[in-house]
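Novice: The following file, structure34.tsv, comprises TSV, C-alpha atoms and all ligand atoms:
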chain	number	residue	atom	x	y	z
B	27	MET	CA	-69.78	51.18	4.21
B	28	ASP	CA	-66.74	49.54	2.77
B	29	LYS	CA	-63.73	51.85	3.20
B	30	ALA	CA	-61.78	50.98	0.08
B	31	ALA	CA	-58.83	53.19	-0.81
B	32	PRO	CA	-60.03	55.96	-3.14
B	33	ASP	CA	-59.47	54.97	-6.73
B	34	ILE	CA	-58.88	57.17	-9.71
B	35	LYS	CA	-62.47	57.07	-10.81
B	36	SER	CA	-63.87	58.40	-7.56
B	37	ALA	CA	-61.26	61.16	-7.52
B	38	ALA	CA	-62.45	62.22	-10.95
B	39	ASP	CA	-66.08	62.06	-9.83
B	40	THR	CA	-65.33	64.38	-6.95
B	41	ALA	CA	-63.81	66.91	-9.28
B	42	LEU	CA	-66.93	66.84	-11.47
B	43	GLN	CA	-69.10	67.34	-8.40
B	44	ASP	CA	-67.00	70.37	-7.53
B	45	ILE	CA	-67.54	71.82	-10.98
B	46	LYS	CA	-71.27	71.43	-10.54
B	47	ALA	CA	-71.24	73.14	-7.15
B	48	ASN	CA	-68.99	75.90	-8.47
B	49	TYR	CA	-71.26	76.54	-11.41
B	50	GLU	CA	-74.35	76.76	-9.16
B	51	PHE	CA	-72.50	79.23	-6.94
B	52	ILE	CA	-71.36	81.38	-9.87
B	53	LYS	CA	-74.88	81.51	-11.31
B	54	GLU	CA	-76.23	82.63	-7.94
B	55	GLN	CA	-73.59	85.32	-7.58
B	56	VAL	CA	-74.26	86.62	-11.07
B	57	ASP	CA	-78.01	86.68	-10.43
B	58	GLU	CA	-77.55	88.53	-7.16
B	59	ALA	CA	-75.24	91.07	-8.74
B	60	LYS	CA	-77.73	91.61	-11.56
B	61	TYR	CA	-80.57	92.00	-9.12
B	62	SER	CA	-78.70	94.56	-6.97
B	63	ALA	CA	-77.80	96.50	-10.08
B	64	GLY	CA	-81.38	96.40	-11.33
B	65	ARG	CA	-80.37	94.58	-14.48
B	66	LYS	CA	-82.69	92.35	-16.44
B	67	ASP	CA	-80.51	91.75	-19.49
B	68	GLU	CA	-78.53	88.57	-20.02
B	69	VAL	CA	-75.08	87.94	-18.55
B	70	ARG	CA	-73.30	85.01	-20.16
B	71	ILE	CA	-70.99	82.80	-18.15
B	72	MET	CA	-67.99	81.72	-20.20
B	73	ALA	CA	-65.97	78.68	-19.16
B	74	VAL	CA	-62.28	79.47	-19.67
B	75	THR	CA	-60.66	76.20	-20.67
B	76	LYS	CA	-56.89	76.69	-20.44
B	77	THR	CA	-55.17	73.61	-18.94
B	78	VAL	CA	-58.56	71.92	-18.38
B	79	ASP	CA	-59.10	68.50	-19.90
B	80	CYS	CA	-61.93	67.74	-22.31
B	81	GLU	CA	-63.85	65.52	-19.94
B	82	LYS	CA	-64.34	68.41	-17.54
B	83	ILE	CA	-65.15	70.82	-20.32
B	84	ASN	CA	-67.79	68.49	-21.74
B	85	TYR	CA	-69.17	67.99	-18.25
B	86	ALA	CA	-69.47	71.76	-17.77
B	87	GLU	CA	-71.40	71.88	-21.03
B	88	SER	CA	-73.74	69.18	-19.78
B	89	LEU	CA	-74.59	71.51	-16.88
B	90	GLY	CA	-75.76	74.19	-19.29
B	91	ILE	CA	-72.62	76.18	-20.10
B	92	ASP	CA	-72.74	77.10	-23.78
B	93	LEU	CA	-69.76	79.41	-24.18
B	94	LEU	CA	-66.08	78.42	-24.05
B	95	GLY	CA	-63.11	80.79	-23.88
B	96	GLU	CA	-59.79	79.77	-25.44
B	97	ASN	CA	-56.42	81.33	-24.68
B	98	ARG	CA	-53.78	79.31	-26.42
B	99	VAL	CA	-53.94	78.39	-30.07
B	100	GLN	CA	-51.93	75.17	-29.83
B	101	GLU	CA	-53.80	73.81	-26.82
B	102	PHE	CA	-57.13	74.74	-28.40
B	103	LEU	CA	-56.34	72.92	-31.65
B	104	GLU	CA	-55.32	69.81	-29.75
B	105	LYS	CA	-58.51	69.73	-27.70
B	106	TYR	CA	-60.96	71.04	-30.26
B	107	GLU	CA	-61.74	67.68	-31.84
B	108	ASN	CA	-62.85	66.27	-28.52
B	109	TYR	CA	-65.26	69.05	-27.78
B	110	SER	CA	-68.90	68.14	-27.89
B	111	GLU	CA	-69.59	70.89	-30.48
B	112	LYS	CA	-72.57	72.21	-28.59
B	113	SER	CA	-70.94	75.38	-27.44
B	114	GLU	CA	-70.02	78.64	-28.94
B	115	ILE	CA	-66.26	79.23	-28.77
B	116	HIS	CA	-64.56	82.60	-28.35
B	117	PHE	CA	-60.85	83.30	-28.49
B	118	ILE	CA	-59.78	85.46	-25.55
B	119	GLY	CA	-55.97	85.19	-25.33
B	120	GLY	CA	-53.09	87.10	-26.85
B	121	LEU	CA	-53.10	86.36	-30.58
B	122	GLN	CA	-50.17	86.61	-32.97
B	123	ASN	CA	-50.97	87.58	-36.53
B	124	ASN	CA	-49.49	84.36	-37.90
B	125	LYS	CA	-51.86	82.23	-35.78
B	126	VAL	CA	-55.10	83.82	-36.93
B	127	LYS	CA	-55.45	81.37	-39.82
B	128	TYR	CA	-55.65	78.39	-37.46
B	129	ILE	CA	-58.65	79.64	-35.51
B	130	ILE	CA	-60.56	81.77	-37.99
B	131	ASP	CA	-63.17	79.15	-38.84
B	132	LYS	CA	-63.35	77.59	-35.36
B	133	VAL	CA	-64.39	80.53	-33.18
B	134	SER	CA	-67.27	82.97	-33.43
B	135	MET	CA	-65.69	85.91	-31.64
B	136	ILE	CA	-62.20	87.19	-30.82
B	137	HIS	CA	-62.04	89.24	-27.59
B	138	SER	CA	-58.38	90.23	-27.70
B	139	VAL	CA	-58.00	92.56	-30.67
B	140	ASP	CA	-55.58	95.31	-29.74
B	141	SER	CA	-54.14	96.60	-33.00
B	142	LEU	CA	-55.16	97.57	-36.51
B	143	LYS	CA	-52.63	95.05	-37.85
B	144	LEU	CA	-54.27	92.15	-36.04
B	145	ALA	CA	-57.74	93.28	-37.14
B	146	GLU	CA	-56.51	93.48	-40.74
B	147	GLU	CA	-55.22	89.94	-40.61
B	148	ILE	CA	-58.48	88.71	-39.08
B	149	SER	CA	-60.46	90.47	-41.79
B	150	ARG	CA	-58.24	89.05	-44.54
B	151	ARG	CA	-58.48	85.50	-43.23
B	152	ALA	CA	-62.22	85.78	-42.62
B	153	LEU	CA	-62.77	87.01	-46.14
B	154	SER	CA	-60.81	84.10	-47.56
B	155	LYS	CA	-63.19	81.74	-45.74
B	156	ASN	CA	-66.22	83.72	-46.78
B	157	LEU	CA	-67.17	84.72	-43.28
B	158	SER	CA	-67.27	87.77	-41.09
B	159	MET	CA	-65.67	87.75	-37.63
B	160	ASP	CA	-67.09	89.44	-34.55
B	161	ILE	CA	-64.40	91.10	-32.46
B	162	LEU	CA	-64.00	92.97	-29.21
B	163	LEU	CA	-61.37	95.63	-28.73
B	164	GLU	CA	-59.21	94.90	-25.73
B	165	VAL	CA	-58.58	97.92	-23.57
B	166	ASN	CA	-55.60	98.15	-21.23
B	167	ILE	CA	-57.63	100.16	-18.77
B	168	GLY	CA	-54.98	100.15	-16.02
B	169	GLY	CA	-52.25	101.28	-18.43
B	170	GLU	CA	-50.07	98.34	-17.38
B	171	LEU	CA	-46.87	97.82	-19.38
B	172	SER	CA	-47.04	94.05	-18.93
B	173	LYS	CA	-50.44	93.75	-20.59
B	174	GLY	CA	-51.81	93.87	-24.09
B	175	GLY	CA	-54.69	96.08	-25.05
B	176	LEU	CA	-55.29	99.51	-26.48
B	177	ALA	CA	-54.84	102.59	-24.33
B	178	ALA	CA	-58.20	104.23	-23.67
B	179	GLU	CA	-56.95	107.31	-25.58
B	180	GLN	CA	-56.18	105.26	-28.71
B	181	LEU	CA	-59.47	103.46	-28.69
B	182	LEU	CA	-61.66	105.70	-30.81
B	183	GLU	CA	-59.08	106.29	-33.51
B	184	THR	CA	-58.25	102.58	-33.80
B	185	ALA	CA	-61.92	101.61	-33.74
B	186	LYS	CA	-62.59	103.99	-36.65
B	187	MET	CA	-59.92	102.38	-38.80
B	188	ILE	CA	-60.97	98.86	-37.88
B	189	SER	CA	-64.59	99.61	-38.65
B	190	GLU	CA	-63.64	100.23	-42.29
B	191	LEU	CA	-62.37	96.67	-42.71
B	192	GLU	CA	-64.60	94.44	-44.77
B	193	SER	CA	-64.90	91.25	-42.76
B	194	VAL	CA	-64.76	92.17	-39.09
B	195	ARG	CA	-67.51	93.61	-36.95
B	196	ILE	CA	-66.77	95.41	-33.69
B	197	ARG	CA	-69.19	94.01	-31.12
B	198	GLY	CA	-67.76	95.67	-28.01
B	199	LEU	CA	-64.93	95.92	-25.53
B	200	MET	CA	-62.95	93.56	-23.34
B	201	THR	CA	-60.62	94.26	-20.45
B	202	ILE	CA	-58.50	92.66	-17.75
B	203	PRO	CA	-58.02	95.30	-15.06
B	204	PRO	CA	-55.12	95.23	-12.59
B	205	PRO	CA	-55.80	92.60	-9.91
B	206	PHE	CA	-57.95	93.79	-7.00
B	207	GLU	CA	-58.65	97.13	-8.66
B	208	GLY	CA	-61.97	96.34	-10.28
B	209	GLU	CA	-63.77	98.89	-8.14
B	210	LYS	CA	-61.66	101.57	-9.78
B	211	TYR	CA	-61.51	100.31	-13.35
B	212	PHE	CA	-64.82	98.57	-14.10
B	213	PRO	CA	-66.80	101.83	-13.78
B	214	ARG	CA	-64.35	103.51	-16.19
B	215	MET	CA	-64.82	100.72	-18.69
B	216	GLN	CA	-68.58	100.97	-18.41
B	217	GLU	CA	-68.40	104.70	-19.07
B	218	LEU	CA	-66.09	104.26	-22.02
B	219	TYR	CA	-68.35	101.59	-23.50
B	220	GLU	CA	-71.57	103.55	-23.02
B	221	GLU	CA	-69.99	106.75	-24.34
B	222	LEU	CA	-68.69	105.15	-27.51
B	223	ARG	CA	-71.98	103.44	-28.14
B	224	ALA	CA	-73.98	106.60	-27.63
B	225	LYS	CA	-71.77	109.05	-29.53
B	226	GLU	CA	-70.19	107.15	-32.38
B	227	SER	CA	-72.73	106.02	-34.90
B	228	PHE	CA	-70.35	103.43	-36.36
B	229	LEU	CA	-70.12	101.84	-32.92
B	230	ASN	CA	-73.72	101.93	-31.83
B	231	GLY	CA	-74.19	98.30	-32.84
B	232	MET	CA	-71.91	97.32	-29.97
B	233	ASP	CA	-73.64	95.04	-27.49
B	234	THR	CA	-70.86	93.21	-25.64
B	235	LEU	CA	-68.80	94.20	-22.61
B	236	SER	CA	-66.50	91.34	-21.61
B	237	MET	CA	-65.05	91.77	-18.16
B	238	GLY	CA	-64.81	89.95	-14.84
B	239	MET	CA	-62.88	86.77	-13.98
B	240	SER	CA	-63.04	84.37	-11.02
B	241	GLY	CA	-61.95	86.97	-8.48
B	242	ASP	CA	-64.10	89.88	-9.57
B	243	TYR	CA	-66.99	88.81	-11.78
B	244	ALA	CA	-69.76	89.92	-9.43
B	245	LEU	CA	-68.26	93.41	-9.35
B	246	ALA	CA	-67.94	93.42	-13.14
B	247	VAL	CA	-71.64	92.55	-13.45
B	248	LYS	CA	-72.45	95.49	-11.21
B	249	TYR	CA	-70.78	97.69	-13.82
B	250	GLY	CA	-72.44	96.32	-16.88
B	251	SER	CA	-70.40	93.33	-17.97
B	252	ASN	CA	-72.41	90.89	-20.05
B	253	ILE	CA	-69.78	88.18	-20.50
B	254	VAL	CA	-67.89	87.01	-17.43
B	255	ARG	CA	-64.88	84.78	-18.15
B	256	ILE	CA	-64.42	82.16	-15.45
B	257	GLY	CA	-61.59	79.64	-15.25
B	258	SER	CA	-60.33	78.63	-11.81
B	259	GLY	CA	-63.59	79.56	-10.09
B	260	LEU	CA	-65.30	76.86	-12.14
B	261	PHE	CA	-62.66	74.20	-12.79
B	262	GLY	CA	-60.38	74.68	-9.78
B	263	TYR	CA	-56.80	75.83	-9.72
B	264	ARG	CA	-54.93	75.40	-12.96
B	265	ASN	CA	-52.26	72.75	-13.28
B	266	TYR	CA	-49.77	74.27	-15.72
B	267	THR	CA	-47.52	71.23	-15.71
B	268	LYS	CA	-49.99	69.25	-17.82
S	301	LIG	C1	-57.35	82.76	-17.66
S	301	LIG	C2	-58.23	83.86	-18.13
S	301	LIG	C3	-59.48	84.09	-17.54
S	301	LIG	C4	-60.00	83.30	-16.36
S	301	LIG	O1	-59.21	83.54	-15.24
S	301	LIG	P1	-59.67	82.96	-13.80
S	301	LIG	O2	-59.10	83.95	-12.85
S	301	LIG	O3	-59.09	81.62	-13.67
S	301	LIG	O4	-61.13	82.95	-13.79
S	301	LIG	C5	-60.27	85.10	-18.06
S	301	LIG	N1	-59.86	85.86	-19.10
S	301	LIG	C6	-58.67	85.68	-19.69
S	301	LIG	C7	-58.29	86.55	-20.84
S	301	LIG	C8	-57.82	84.68	-19.22
S	301	LIG	O5	-56.64	84.49	-19.82
Could you spell out this file's structure in structure tokens?
Specialist:
Amino acid sequence: MDKAAPDIKSAADTALQDIKANYEFIKEQVDEAKYSAGRKDEVRIMAVTKTVDCEKINYAESLGIDLLGENRVQEFLEKYENYSEKSEIHFIGGLQNNKVKYIIDKVSMIHSVDSLKLAEEISRRALSKNLSMDILLEVNIGGELSKGGLAAEQLLETAKMISELESVRIRGLMTIPPPFEGEKYFPRMQELYEELRAKESFLNGMDTLSMGMSGDYALAVKYGSNIVRIGSGLFGYRNYTK
């Protein structure tokens, strides 16, 4: 074979091959975790797109991924037009009230709702577009000062107030536990989720538990997660300089 110096195109091809292999691996791990946990329900694999270019995102979609997770409003708006439009898009990052209007008609769920104020703004903007937004309440299960999310103790009270709003619907809970402590915090989240669903009639329509990232998604599936949010495990390490 001719040993030409690698050109840009073949470098890009290699990266796409990696995404394919990564996706196969992730699917296998999720299936194994489901099997060990005796689960037959669906676990969705979300591709988290921050810093990833559209070519790779569209390629991931061609492999069968149908759910994208967006973190940053500005980056999302810049890339959005180049998306293939096949996928469902959820917003998963920290969201300022004044940015809600930019995403309200472009995403079908917001995972990162952690205050009544934010929920009110989402409801107001949704209403003005004649739609209803599905939301998850983000729980700061490790009680970390550096992270957003509701304290577990505030959850019920906040959920009650949010559930009165006209144009949002609470579909479940989301969390990002402290790194390497999933074994401690995922079971607590599962308990919290099941308890709220069972006891609070206004929450028994909840069907979504969003937890697990590249480092801990198999563990999260063991404890009931039904959306795992995967970035680097699928697309490779993030290049924040882009
Ligand atoms: C970046 C991000 C992820 C994915 O993280 P990886 O460790 O790269 O899989 C998942 N959820 C949220 C909220 C994120 O910001």
Novice: Kindly assemble as CSV a list of the chain B residues that lie within 9 Å of ligand LIG 301 (chain S), each paired with its nearest atom pair and their distance in Å to one decimal, using all atoms listed in the file, sorted first by chain and then by ascending residue number.
Specialist:
residue,atom,partner,partner_atom,distance
B:Met72,CA,S:LIG301,C5,8.7
B:Ala73,CA,S:LIG301,C4,8.1
B:Val74,CA,S:LIG301,C4,5.6
B:Thr75,CA,S:LIG301,C1,7.9
B:Lys76,CA,S:LIG301,C1,6.7
B:Gly95,CA,S:LIG301,N1,7.7
B:Glu96,CA,S:LIG301,O5,8.0
B:Asn97,CA,S:LIG301,O5,5.8
B:Arg98,CA,S:LIG301,O5,8.9
B:Phe117,CA,S:LIG301,C7,8.7
B:Ile118,CA,S:LIG301,C7,5.1
B:Gly119,CA,S:LIG301,C7,5.2
B:Gly120,CA,S:LIG301,C7,8.0
B:His137,CA,S:LIG301,C7,8.2
B:Ser138,CA,S:LIG301,C7,7.8
B:Met200,CA,S:LIG301,C7,8.8
B:Thr201,CA,S:LIG301,C7,8.1
B:Ile202,CA,S:LIG301,C7,6.9
B:Ser236,CA,S:LIG301,N1,9.0
B:Met237,CA,S:LIG301,N1,7.9
B:Gly238,CA,S:LIG301,C5,7.4
B:Met239,CA,S:LIG301,O4,4.2
B:Ser240,CA,S:LIG301,O4,3.7
B:Gly241,CA,S:LIG301,O2,6.0
B:Asp242,CA,S:LIG301,O2,8.4
B:Tyr243,CA,S:LIG301,O4,8.5
B:Val254,CA,S:LIG301,C5,7.9
B:Arg255,CA,S:LIG301,C5,4.6
B:Ile256,CA,S:LIG301,O4,3.8
B:Gly257,CA,S:LIG301,O3,3.6
B:Ser258,CA,S:LIG301,O3,3.7
B:Gly259,CA,S:LIG301,O4,5.6
B:Leu260,CA,S:LIG301,O4,7.6
B:Phe261,CA,S:LIG301,O3,8.3
B:Gly262,CA,S:LIG301,O3,8.1
B:Tyr263,CA,S:LIG301,O3,7.4
B:Arg264,CA,S:LIG301,O3,7.5
Novice: Under the rule that all atoms listed in the file are counted, which of B:Val165, B:Lys186, B:Val78, B:Tyr61 is the nearest residue to Ala41 (chain B)?
Specialist: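 Closest to Ala41 (chain B) of all the choices is B:Val78.
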Novice: Find the residues near Gln55 (chain B): any atom within 12 Å, counting all atoms listed in the file, skip ones fewer than 2 places away on the same chain, and give them as an MDAnalysis selection string.
Specialist: chainID B and resid 48:53 57:62 69 71 240:248 254 259
Novice: Find the residue from B:Ser88, B:Ser154, B:Ser251, B:Ser193 that sits nearest to Glu220 (chain B); use all atoms listed in the file when measuring.
Specialist: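 Of B:Ser88, B:Ser154, B:Ser251, B:Ser193, the one nearest Glu220 (chain B) is B:Ser251, counting all atoms listed in the file.
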Novice: At a cut-off of 10 Å, using all atoms listed in the file, what residues contact Asn108 (chain B)? Leave out same-chain residues fewer than 2 positions from it and give the result as number ranges by chain.
Specialist: B: 79-81, 83-84, 103-106, 110-111
Novice: Box along x, y and z, 3 Å on every side, all listed atoms of region 214-228 of chain B inside: centre and edge lengths in Å to one decimal, as JSON.
Specialist:
{"center_x": -69.2, "center_y": 104.9, "center_z": -26.3, "size_x": 15.6, "size_y": 14.3, "size_z": 26.2}
Novice: Give me, please, the distance in Å between CA of Ala177 (chain B) and CA of Ser158 (chain B), quoted to one decimal.
Specialist: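 Atom-to-atom, CA of Ala177 (chain B) and CA of Ser158 (chain B) are spaced 25.6 Å apart.
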Novice: Can you tell me how far CA of Arg151 (chain B) sits from CA of Ile91 (chain B), in Å to one decimal?
Specialist: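 Atom-to-atom, CA of Arg151 (chain B) and CA of Ile91 (chain B) are spaced 28.7 Å apart.
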Novice: In terms of the shortest atom-to-atom distance over only C-alpha atoms, which of B:Ile129, B:Ala185, B:Leu162, B:Lys143 is closest to Glu101 (chain B)?
Specialist: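 Of B:Ile129, B:Ala185, B:Leu162, B:Lys143, the one nearest Glu101 (chain B), counting only C-alpha atoms, is B:Ile129.
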Novice: Select, from B:Leu89, B:Glu221, B:Asp233, B:Ile136, the residue with the minimum atom-to-atom distance to Gln43 (chain B), counting all atoms listed in the file.
Specialist: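 Among the listed residues, the smallest separation from Gln43 (chain B) belongs to B:Leu89.
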Novice: If I take CA of Leu94 (chain B) and CA of Ile115 (chain B), how far is one from the other in Å, to one decimal?
Specialist: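 We find that CA of Leu94 (chain B) and CA of Ile115 (chain B) lie 4.8 Å from each other.
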Novice: Mind checking which residues fall within 7 Å of Glu114 (chain B), counting all atoms listed in the file, ignoring those fewer than 6 positions away in the same chain, and posting them as a PDB file with C-alpha atoms, in the coordinates of the input?
Specialist:
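Listed below is the output, result.pdb:
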ATOM      1  CA  ASP B  92     -72.740  77.100 -23.780  1.00  0.00           C
ATOM      2  CA  LEU B  93     -69.760  79.410 -24.180  1.00  0.00           C
ATOM      3  CA  LEU B  94     -66.080  78.420 -24.050  1.00  0.00           C
ATOM      4  CA  SER B 134     -67.270  82.970 -33.430  1.00  0.00           C
TER       5      SER B 134
END
Novice: Between B:Pro204, B:Glu183, B:Ala63, B:Lys127, which residue has the minimum interatomic distance to Leu171 (chain B), considering only C-alpha atoms?
Specialist: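 Ranked by minimum distance to Leu171 (chain B), first place goes to B:Pro204.
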Novice: I need the residue nearest Leu199 (chain B) from this list: B:Met232, B:Met135, B:Ile148, B:Leu153. Use all atoms listed in the file for the distance.
Specialist: B:Met232
Novice: Using only C-alpha atoms, determine which residues lie at most 12 Å from Glu190 (chain B), disregarding the query and same-chain residues fewer than 2 positions distant; provide the list as a list in words.
Specialist: Leu142, Ala145, Glu146, Ser149, Glu183, Thr184, Ala185, Lys186, Met187, Ile188, Glu192, Ser193, Val194, Arg195, Ile196, Phe228 and Leu229 of chain B
Novice: Taking (-56.4, 103.5, -23.8) in the coordinates of the supplied file, I want to know which residues reach to within 9 Å of it, counting all atoms listed in the file; could you give the answer as a list in words?
Specialist: Val165, Asn166, Ile167, Gly168, Gly169, Gly175, Leu176, Ala177, Ala178, Glu179, Gln180 and Leu181 of chain B
Novice: What would region 158-167 of chain B look like with all heavy atoms in place, written as a short mmCIF file (atom, residue, chain, number, x, y, z; two decimals), keeping the file's coordinate frame?
Specialist:
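part_29.cif, freshly written:
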data_model
loop_
_atom_site.label_atom_id
_atom_site.label_comp_id
_atom_site.auth_asym_id
_atom_site.auth_seq_id
_atom_site.Cartn_x
_atom_site.Cartn_y
_atom_site.Cartn_z
N SER B 158 -67.54 86.50 -41.72
CA SER B 158 -67.27 87.77 -41.09
C SER B 158 -67.05 87.50 -39.61
O SER B 158 -67.78 86.71 -39.01
CB SER B 158 -68.47 88.70 -41.31
OG SER B 158 -68.36 89.82 -40.49
N MET B 159 -66.00 88.08 -39.03
CA MET B 159 -65.67 87.75 -37.63
C MET B 159 -66.09 88.88 -36.69
O MET B 159 -65.79 90.04 -36.92
CB MET B 159 -64.16 87.51 -37.52
CG MET B 159 -63.68 87.10 -36.14
SD MET B 159 -64.47 85.60 -35.48
CE MET B 159 -63.77 84.37 -36.56
N ASP B 160 -66.78 88.50 -35.62
CA ASP B 160 -67.09 89.44 -34.55
C ASP B 160 -65.86 89.62 -33.67
O ASP B 160 -65.21 88.64 -33.31
CB ASP B 160 -68.24 88.90 -33.68
CG ASP B 160 -69.58 89.00 -34.40
OD1 ASP B 160 -69.67 89.74 -35.40
OD2 ASP B 160 -70.53 88.34 -33.94
N ILE B 161 -65.56 90.85 -33.32
CA ILE B 161 -64.40 91.10 -32.46
C ILE B 161 -64.75 92.06 -31.33
O ILE B 161 -65.70 92.85 -31.41
CB ILE B 161 -63.21 91.70 -33.26
CG1 ILE B 161 -63.59 93.07 -33.85
CG2 ILE B 161 -62.76 90.75 -34.36
CD1 ILE B 161 -62.38 93.83 -34.41
N LEU B 162 -63.97 91.96 -30.27
CA LEU B 162 -64.00 92.97 -29.21
C LEU B 162 -62.64 93.65 -29.21
O LEU B 162 -61.62 93.03 -29.49
CB LEU B 162 -64.24 92.31 -27.83
CG LEU B 162 -65.48 91.44 -27.69
CD1 LEU B 162 -65.58 90.89 -26.26
CD2 LEU B 162 -66.75 92.21 -28.04
N LEU B 163 -62.63 94.92 -28.88
CA LEU B 163 -61.37 95.63 -28.73
C LEU B 163 -60.93 95.52 -27.28
O LEU B 163 -61.70 95.83 -26.36
CB LEU B 163 -61.55 97.10 -29.14
CG LEU B 163 -62.04 97.30 -30.58
CD1 LEU B 163 -62.23 98.77 -30.88
CD2 LEU B 163 -61.09 96.65 -31.58
N GLU B 164 -59.71 95.04 -27.10
CA GLU B 164 -59.21 94.90 -25.73
C GLU B 164 -58.60 96.22 -25.28
O GLU B 164 -57.78 96.81 -25.96
CB GLU B 164 -58.15 93.78 -25.65
CG GLU B 164 -57.63 93.60 -24.24
CD GLU B 164 -56.69 92.41 -24.07
OE1 GLU B 164 -56.55 91.61 -25.02
OE2 GLU B 164 -56.11 92.29 -22.98
N VAL B 165 -59.04 96.65 -24.11
CA VAL B 165 -58.58 97.92 -23.57
C VAL B 165 -57.69 97.66 -22.36
O VAL B 165 -58.07 96.93 -21.44
CB VAL B 165 -59.79 98.79 -23.12
CG1 VAL B 165 -59.31 100.15 -22.60
CG2 VAL B 165 -60.77 98.98 -24.26
N ASN B 166 -56.52 98.26 -22.37
CA ASN B 166 -55.60 98.15 -21.23
C ASN B 166 -55.95 99.29 -20.27
O ASN B 166 -55.29 100.32 -20.23
CB ASN B 166 -54.17 98.27 -21.75
CG ASN B 166 -53.14 98.04 -20.66
OD1 ASN B 166 -53.45 98.02 -19.47
ND2 ASN B 166 -51.89 97.89 -21.07
N ILE B 167 -57.02 99.06 -19.52
CA ILE B 167 -57.63 100.16 -18.77
C ILE B 167 -56.73 100.64 -17.62
O ILE B 167 -56.77 101.79 -17.23
CB ILE B 167 -59.05 99.77 -18.27
CG1 ILE B 167 -59.84 100.99 -17.80
CG2 ILE B 167 -58.99 98.70 -17.18
CD1 ILE B 167 -60.22 101.95 -18.91
#
